[in-house]
Amino acid sequence: MNIPFLDNWRKRAGGDRGTSLASAVGGDEEGVAELLSECELLRVRAGQLGLRLDDSPESLEALDQLPPRWRDDPEELPWLGNDAGLYLGTVIVLTVPDAVWHIWPGGHPVVRLASGREIQVVEAGIEWAVTGAPELSQVYAEAAEA
């Protein structure tokens, strides 16, 4: 995968502790979207349960219905939750008009809607992984209505 801003960030991050992902992305929104949409752990775990994640709102509903076996592994749980949040954000950005990824100065990704509202998708994904609520499809529905 060719993500030019990531190479620049890695070079600078090695020598400058103050450099964040946000400063490296510049205007490469496509590269940011590609990087954040990987969600490899979530895609693997969903695939093991027979669910192919196709970046659609329907796939969020299907994720909500999976048995939460990931809760059995406390080390994997936060990583899977992070991926769930990034996947939620990916679906929103791909399907909700004018929704875009926005990286806060500290490097924290959020989804910004056309209204200016920001959705903290990573936090929603972690809560979903830990407790099952809010459902990913519910967060998506609220974003799509905005």
# chains A, B, ... in the order shown; residues from 1 in each chain; ligands from 1

call {"tool": "closest_atom_pairs", "arguments": {"of": "range 75-138 of chain A", "to": "range 34-50 of chain A", "cutoff": "9 Å", "atoms": "only C-alpha atoms", "output": "Markdown table"}}
result
| residue | atom | partner | partner_atom | distance |
| --- | --- | --- | --- | --- |
| A:Glu76 | CA | A:Leu41 | CA | 9.0 |
| A:Trp79 | CA | A:Leu41 | CA | 7.6 |
| A:Leu80 | CA | A:Leu42 | CA | 5.7 |
| A:Gly81 | CA | A:Leu42 | CA | 8.2 |
| A:Asn82 | CA | A:Cys39 | CA | 8.3 |
| A:Asp83 | CA | A:Cys39 | CA | 4.7 |
| A:Ala84 | CA | A:Leu42 | CA | 6.4 |
| A:Gly85 | CA | A:Cys39 | CA | 8.9 |
| A:Leu86 | CA | A:Leu36 | CA | 6.0 |
| A:Tyr87 | CA | A:Ser37 | CA | 6.0 |
| A:Gly89 | CA | A:Ser37 | CA | 8.1 |
| A:Thr90 | CA | A:Ser37 | CA | 5.6 |
| A:Val91 | CA | A:Ser37 | CA | 8.7 |
| A:Trp101 | CA | A:Leu36 | CA | 8.9 |
| A:Pro109 | CA | A:Leu36 | CA | 8.5 |

call {"tool": "write_last_selection", "arguments": {"atoms": "N, CA and C atoms", "output": "mmCIF file, in the first residue's frame"}}
result
data_model
loop_
_atom_site.group_PDB
_atom_site.id
_atom_site.type_symbol
_atom_site.label_atom_id
_atom_site.label_comp_id
_atom_site.auth_asym_id
_atom_site.auth_seq_id
_atom_site.Cartn_x
_atom_site.Cartn_y
_atom_site.Cartn_z
ATOM 1 N N GLU A 76 -6.776 -8.375 23.642
ATOM 2 C CA GLU A 76 -7.213 -8.072 22.281
ATOM 3 C C GLU A 76 -8.386 -7.097 22.262
ATOM 4 N N TRP A 79 -7.923 -3.427 21.136
ATOM 5 C CA TRP A 79 -7.501 -3.352 19.732
ATOM 6 C C TRP A 79 -8.686 -3.621 18.812
ATOM 7 N N LEU A 80 -9.485 -4.596 19.172
ATOM 8 C CA LEU A 80 -10.655 -4.907 18.367
ATOM 9 C C LEU A 80 -11.659 -3.747 18.431
ATOM 10 N N GLY A 81 -11.820 -3.161 19.606
ATOM 11 C CA GLY A 81 -12.704 -2.006 19.746
ATOM 12 C C GLY A 81 -12.234 -0.826 18.919
ATOM 13 N N ASN A 82 -10.929 -0.588 18.923
ATOM 14 C CA ASN A 82 -10.372 0.483 18.094
ATOM 15 C C ASN A 82 -10.678 0.226 16.626
ATOM 16 N N ASP A 83 -10.450 -1.008 16.177
ATOM 17 C CA ASP A 83 -10.754 -1.363 14.787
ATOM 18 C C ASP A 83 -12.240 -1.200 14.486
ATOM 19 N N ALA A 84 -13.100 -1.580 15.432
ATOM 20 C CA ALA A 84 -14.546 -1.429 15.221
ATOM 21 C C ALA A 84 -14.902 0.040 15.030
ATOM 22 N N GLY A 85 -14.278 0.902 15.807
ATOM 23 C CA GLY A 85 -14.522 2.337 15.652
ATOM 24 C C GLY A 85 -14.034 2.868 14.322
ATOM 25 N N LEU A 86 -12.856 2.429 13.911
ATOM 26 C CA LEU A 86 -12.335 2.866 12.615
ATOM 27 C C LEU A 86 -13.181 2.318 11.469
ATOM 28 N N TYR A 87 -13.683 1.100 11.641
ATOM 29 C CA TYR A 87 -14.556 0.531 10.614
ATOM 30 C C TYR A 87 -15.869 1.322 10.551
ATOM 31 N N GLY A 89 -16.265 4.418 11.305
ATOM 32 C CA GLY A 89 -15.927 5.676 10.639
ATOM 33 C C GLY A 89 -15.776 5.512 9.144
ATOM 34 N N THR A 90 -15.179 4.410 8.729
ATOM 35 C CA THR A 90 -15.007 4.131 7.302
ATOM 36 C C THR A 90 -16.358 4.033 6.609
ATOM 37 N N VAL A 91 -17.286 3.306 7.215
ATOM 38 C CA VAL A 91 -18.615 3.161 6.615
ATOM 39 C C VAL A 91 -19.312 4.525 6.539
ATOM 40 N N TRP A 101 -12.975 12.175 7.284
ATOM 41 C CA TRP A 101 -12.100 11.943 8.421
ATOM 42 C C TRP A 101 -11.471 13.265 8.805
ATOM 43 N N PRO A 109 -8.312 10.290 15.418
ATOM 44 C CA PRO A 109 -9.227 10.406 14.275
ATOM 45 C C PRO A 109 -10.689 10.479 14.716
#

call {"tool": "residues_around", "arguments": {"residues": "range 118-120 of chain A", "least_positions_apart": "2", "cutoff": "12 Å", "atoms": "only C-alpha atoms", "output": "number ranges by chain"}}
result
A: 82, 84-86, 88-90, 92-93, 99-104, 108-116, 122-127, 139-140, 142-144, 146

call {"tool": "select_by_dssp", "arguments": {"residues": "chain A", "states": "alpha helix (DSSP H)", "output": "PyMOL selection string"}}
result
chain A and resi 4-15+21-25+29-36+40-48+57-65+77-95+121-131+136-145

call {"tool": "residues_around", "arguments": {"residues": "Glu61 in chain A", "least_positions_apart": "5", "cutoff": "9 Å", "atoms": "only C-alpha atoms", "output": "number ranges by chain"}}
result
A: 135-138

call {"tool": "decode", "arguments": {"residues": "chain A", "atoms": "C-alpha atoms", "output": "PDB file, in the first residue's frame"}}
result
ATOM      1  CA  MET A   1       0.000   0.000   0.000  1.00  0.00           C
ATOM      2  CA  ASN A   2       1.367   3.396  -0.953  1.00  0.00           C
ATOM      3  CA  ILE A   3       0.548   6.029   1.635  1.00  0.00           C
ATOM      4  CA  PRO A   4       3.005   8.908   1.037  1.00  0.00           C
ATOM      5  CA  PHE A   5       2.217  10.941   4.145  1.00  0.00           C
ATOM      6  CA  LEU A   6       2.890   7.936   6.392  1.00  0.00           C
ATOM      7  CA  ASP A   7       6.470   7.637   5.148  1.00  0.00           C
ATOM      8  CA  ASN A   8       7.017  11.328   5.893  1.00  0.00           C
ATOM      9  CA  TRP A   9       5.473  10.946   9.333  1.00  0.00           C
ATOM     10  CA  ARG A  10       7.643   7.941  10.167  1.00  0.00           C
ATOM     11  CA  LYS A  11      10.798   9.817   9.155  1.00  0.00           C
ATOM     12  CA  ARG A  12       9.886  12.853  11.217  1.00  0.00           C
ATOM     13  CA  ALA A  13       8.521  10.918  14.175  1.00  0.00           C
ATOM     14  CA  GLY A  14      11.844   9.176  14.629  1.00  0.00           C
ATOM     15  CA  GLY A  15      13.660  12.432  15.228  1.00  0.00           C
ATOM     16  CA  ASP A  16      10.949  14.713  16.566  1.00  0.00           C
ATOM     17  CA  ARG A  17       8.743  13.479  19.371  1.00  0.00           C
ATOM     18  CA  GLY A  18       6.359  16.376  18.800  1.00  0.00           C
ATOM     19  CA  THR A  19       5.334  15.267  15.319  1.00  0.00           C
ATOM     20  CA  SER A  20       1.879  13.754  15.036  1.00  0.00           C
ATOM     21  CA  LEU A  21      -0.017  11.908  12.366  1.00  0.00           C
ATOM     22  CA  ALA A  22      -2.206  14.997  12.010  1.00  0.00           C
ATOM     23  CA  SER A  23       0.727  17.161  10.926  1.00  0.00           C
ATOM     24  CA  ALA A  24       1.875  14.577   8.422  1.00  0.00           C
ATOM     25  CA  VAL A  25      -1.393  14.040   6.584  1.00  0.00           C
ATOM     26  CA  GLY A  26      -1.436  17.452   5.010  1.00  0.00           C
ATOM     27  CA  GLY A  27      -4.108  17.271   2.355  1.00  0.00           C
ATOM     28  CA  ASP A  28      -3.894  13.549   1.630  1.00  0.00           C
ATOM     29  CA  GLU A  29      -7.454  12.665   2.630  1.00  0.00           C
ATOM     30  CA  GLU A  30      -7.479   9.596   0.412  1.00  0.00           C
ATOM     31  CA  GLY A  31      -4.351   8.229   2.082  1.00  0.00           C
ATOM     32  CA  VAL A  32      -5.823   8.863   5.530  1.00  0.00           C
ATOM     33  CA  ALA A  33      -9.043   7.090   4.573  1.00  0.00           C
ATOM     34  CA  GLU A  34      -7.083   4.118   3.211  1.00  0.00           C
ATOM     35  CA  LEU A  35      -4.961   3.844   6.337  1.00  0.00           C
ATOM     36  CA  LEU A  36      -7.904   4.109   8.737  1.00  0.00           C
ATOM     37  CA  SER A  37     -10.045   1.635   6.791  1.00  0.00           C
ATOM     38  CA  GLU A  38      -7.676  -1.317   7.179  1.00  0.00           C
ATOM     39  CA  CYS A  39      -9.137  -2.566  10.493  1.00  0.00           C
ATOM     40  CA  GLU A  40      -7.250  -5.815  10.008  1.00  0.00           C
ATOM     41  CA  LEU A  41      -7.986  -7.432  13.369  1.00  0.00           C
ATOM     42  CA  LEU A  42     -11.723  -6.774  13.110  1.00  0.00           C
ATOM     43  CA  ARG A  43     -11.837  -8.029   9.524  1.00  0.00           C
ATOM     44  CA  VAL A  44      -9.995 -11.231  10.488  1.00  0.00           C
ATOM     45  CA  ARG A  45     -12.194 -11.911  13.543  1.00  0.00           C
ATOM     46  CA  ALA A  46     -15.392 -11.206  11.595  1.00  0.00           C
ATOM     47  CA  GLY A  47     -14.177 -13.470   8.787  1.00  0.00           C
ATOM     48  CA  GLN A  48     -13.532 -16.277  11.260  1.00  0.00           C
ATOM     49  CA  LEU A  49     -17.200 -15.991  12.214  1.00  0.00           C
ATOM     50  CA  GLY A  50     -18.301 -16.071   8.570  1.00  0.00           C
ATOM     51  CA  LEU A  51     -18.879 -12.334   8.115  1.00  0.00           C
ATOM     52  CA  ARG A  52     -17.230 -10.478   5.247  1.00  0.00           C
ATOM     53  CA  LEU A  53     -16.988  -6.757   5.974  1.00  0.00           C
ATOM     54  CA  ASP A  54     -17.862  -4.881   2.780  1.00  0.00           C
ATOM     55  CA  ASP A  55     -17.892  -1.315   4.164  1.00  0.00           C
ATOM     56  CA  SER A  56     -21.702  -1.133   4.016  1.00  0.00           C
ATOM     57  CA  PRO A  57     -24.226  -0.057   6.658  1.00  0.00           C
ATOM     58  CA  GLU A  58     -25.626  -3.597   6.528  1.00  0.00           C
ATOM     59  CA  SER A  59     -22.266  -4.964   7.640  1.00  0.00           C
ATOM     60  CA  LEU A  60     -22.518  -2.813  10.782  1.00  0.00           C
ATOM     61  CA  GLU A  61     -25.860  -4.451  11.556  1.00  0.00           C
ATOM     62  CA  ALA A  62     -24.261  -7.861  11.029  1.00  0.00           C
ATOM     63  CA  LEU A  63     -21.375  -6.967  13.364  1.00  0.00           C
ATOM     64  CA  ASP A  64     -23.892  -5.969  16.034  1.00  0.00           C
ATOM     65  CA  GLN A  65     -25.343  -9.487  15.828  1.00  0.00           C
ATOM     66  CA  LEU A  66     -22.061 -11.382  16.269  1.00  0.00           C
ATOM     67  CA  PRO A  67     -21.495 -13.217  19.546  1.00  0.00           C
ATOM     68  CA  PRO A  68     -18.946 -11.112  21.483  1.00  0.00           C
ATOM     69  CA  ARG A  69     -16.251 -13.782  21.759  1.00  0.00           C
ATOM     70  CA  TRP A  70     -13.547 -11.096  21.708  1.00  0.00           C
ATOM     71  CA  ARG A  71     -14.482 -10.218  25.291  1.00  0.00           C
ATOM     72  CA  ASP A  72     -12.755 -13.439  26.358  1.00  0.00           C
ATOM     73  CA  ASP A  73      -9.369 -11.910  25.497  1.00  0.00           C
ATOM     74  CA  PRO A  74      -8.726  -8.753  27.559  1.00  0.00           C
ATOM     75  CA  GLU A  75      -5.501  -8.023  25.663  1.00  0.00           C
ATOM     76  CA  GLU A  76      -7.213  -8.072  22.281  1.00  0.00           C
ATOM     77  CA  LEU A  77     -10.377  -6.271  23.379  1.00  0.00           C
ATOM     78  CA  PRO A  78      -9.126  -2.659  23.099  1.00  0.00           C
ATOM     79  CA  TRP A  79      -7.501  -3.352  19.732  1.00  0.00           C
ATOM     80  CA  LEU A  80     -10.655  -4.907  18.367  1.00  0.00           C
ATOM     81  CA  GLY A  81     -12.704  -2.006  19.746  1.00  0.00           C
ATOM     82  CA  ASN A  82     -10.372   0.483  18.094  1.00  0.00           C
ATOM     83  CA  ASP A  83     -10.754  -1.363  14.787  1.00  0.00           C
ATOM     84  CA  ALA A  84     -14.546  -1.429  15.221  1.00  0.00           C
ATOM     85  CA  GLY A  85     -14.522   2.337  15.652  1.00  0.00           C
ATOM     86  CA  LEU A  86     -12.335   2.866  12.615  1.00  0.00           C
ATOM     87  CA  TYR A  87     -14.556   0.531  10.614  1.00  0.00           C
ATOM     88  CA  LEU A  88     -17.638   2.472  11.740  1.00  0.00           C
ATOM     89  CA  GLY A  89     -15.927   5.676  10.639  1.00  0.00           C
ATOM     90  CA  THR A  90     -15.007   4.131   7.302  1.00  0.00           C
ATOM     91  CA  VAL A  91     -18.615   3.161   6.615  1.00  0.00           C
ATOM     92  CA  ILE A  92     -19.826   6.644   7.570  1.00  0.00           C
ATOM     93  CA  VAL A  93     -17.229   8.386   5.386  1.00  0.00           C
ATOM     94  CA  LEU A  94     -18.015   6.137   2.421  1.00  0.00           C
ATOM     95  CA  THR A  95     -21.806   6.357   2.631  1.00  0.00           C
ATOM     96  CA  VAL A  96     -22.870   9.583   4.362  1.00  0.00           C
ATOM     97  CA  PRO A  97     -22.677  12.598   2.034  1.00  0.00           C
ATOM     98  CA  ASP A  98     -19.894  15.058   2.892  1.00  0.00           C
ATOM     99  CA  ALA A  99     -18.649  13.060   5.903  1.00  0.00           C
ATOM    100  CA  VAL A 100     -14.851  13.158   6.168  1.00  0.00           C
ATOM    101  CA  TRP A 101     -12.100  11.943   8.421  1.00  0.00           C
ATOM    102  CA  HIS A 102     -10.601  14.637  10.605  1.00  0.00           C
ATOM    103  CA  ILE A 103      -7.429  14.146  12.619  1.00  0.00           C
ATOM    104  CA  TRP A 104      -7.157  16.186  15.800  1.00  0.00           C
ATOM    105  CA  PRO A 105      -3.743  17.722  16.558  1.00  0.00           C
ATOM    106  CA  GLY A 106      -2.952  14.883  18.984  1.00  0.00           C
ATOM    107  CA  GLY A 107      -3.470  12.356  16.178  1.00  0.00           C
ATOM    108  CA  HIS A 108      -6.956  11.238  17.248  1.00  0.00           C
ATOM    109  CA  PRO A 109      -9.227  10.406  14.275  1.00  0.00           C
ATOM    110  CA  VAL A 110     -12.866  11.502  14.287  1.00  0.00           C
ATOM    111  CA  VAL A 111     -15.493  11.704  11.571  1.00  0.00           C
ATOM    112  CA  ARG A 112     -16.721  15.183  10.760  1.00  0.00           C
ATOM    113  CA  LEU A 113     -20.212  15.464   9.275  1.00  0.00           C
ATOM    114  CA  ALA A 114     -21.381  18.178   6.889  1.00  0.00           C
ATOM    115  CA  SER A 115     -23.102  19.885   9.845  1.00  0.00           C
ATOM    116  CA  GLY A 116     -19.723  20.233  11.570  1.00  0.00           C
ATOM    117  CA  ARG A 117     -20.597  17.668  14.215  1.00  0.00           C
ATOM    118  CA  GLU A 118     -17.737  15.325  15.029  1.00  0.00           C
ATOM    119  CA  ILE A 119     -18.302  11.687  15.889  1.00  0.00           C
ATOM    120  CA  GLN A 120     -15.744  10.052  18.118  1.00  0.00           C
ATOM    121  CA  VAL A 121     -15.925   6.722  16.354  1.00  0.00           C
ATOM    122  CA  VAL A 122     -13.000   5.089  18.154  1.00  0.00           C
ATOM    123  CA  GLU A 123     -14.643   5.644  21.534  1.00  0.00           C
ATOM    124  CA  ALA A 124     -17.930   4.281  20.169  1.00  0.00           C
ATOM    125  CA  GLY A 125     -16.119   1.201  18.838  1.00  0.00           C
ATOM    126  CA  ILE A 126     -14.383   0.523  22.134  1.00  0.00           C
ATOM    127  CA  GLU A 127     -17.640   0.887  24.071  1.00  0.00           C
ATOM    128  CA  TRP A 128     -19.325  -1.457  21.601  1.00  0.00           C
ATOM    129  CA  ALA A 129     -16.576  -4.053  21.994  1.00  0.00           C
ATOM    130  CA  VAL A 130     -16.631  -3.861  25.787  1.00  0.00           C
ATOM    131  CA  THR A 131     -20.378  -3.559  26.486  1.00  0.00           C
ATOM    132  CA  GLY A 132     -22.233  -4.054  23.215  1.00  0.00           C
ATOM    133  CA  ALA A 133     -23.666  -0.537  23.351  1.00  0.00           C
ATOM    134  CA  PRO A 134     -24.031   1.673  21.530  1.00  0.00           C
ATOM    135  CA  GLU A 135     -24.650  -0.586  18.590  1.00  0.00           C
ATOM    136  CA  LEU A 136     -22.513   0.350  15.615  1.00  0.00           C
ATOM    137  CA  SER A 137     -25.585   0.458  13.374  1.00  0.00           C
ATOM    138  CA  GLN A 138     -27.243   2.914  15.787  1.00  0.00           C
ATOM    139  CA  VAL A 139     -24.275   5.293  15.688  1.00  0.00           C
ATOM    140  CA  TYR A 140     -24.311   5.031  11.914  1.00  0.00           C
ATOM    141  CA  ALA A 141     -28.069   5.756  11.745  1.00  0.00           C
ATOM    142  CA  GLU A 142     -27.615   8.889  13.861  1.00  0.00           C
ATOM    143  CA  ALA A 143     -24.785  10.077  11.627  1.00  0.00           C
ATOM    144  CA  ALA A 144     -26.788   9.403   8.471  1.00  0.00           C
ATOM    145  CA  GLU A 145     -29.713  11.469   9.802  1.00  0.00           C
ATOM    146  CA  ALA A 146     -27.588  14.505  10.640  1.00  0.00           C
TER     147      ALA A 146
END
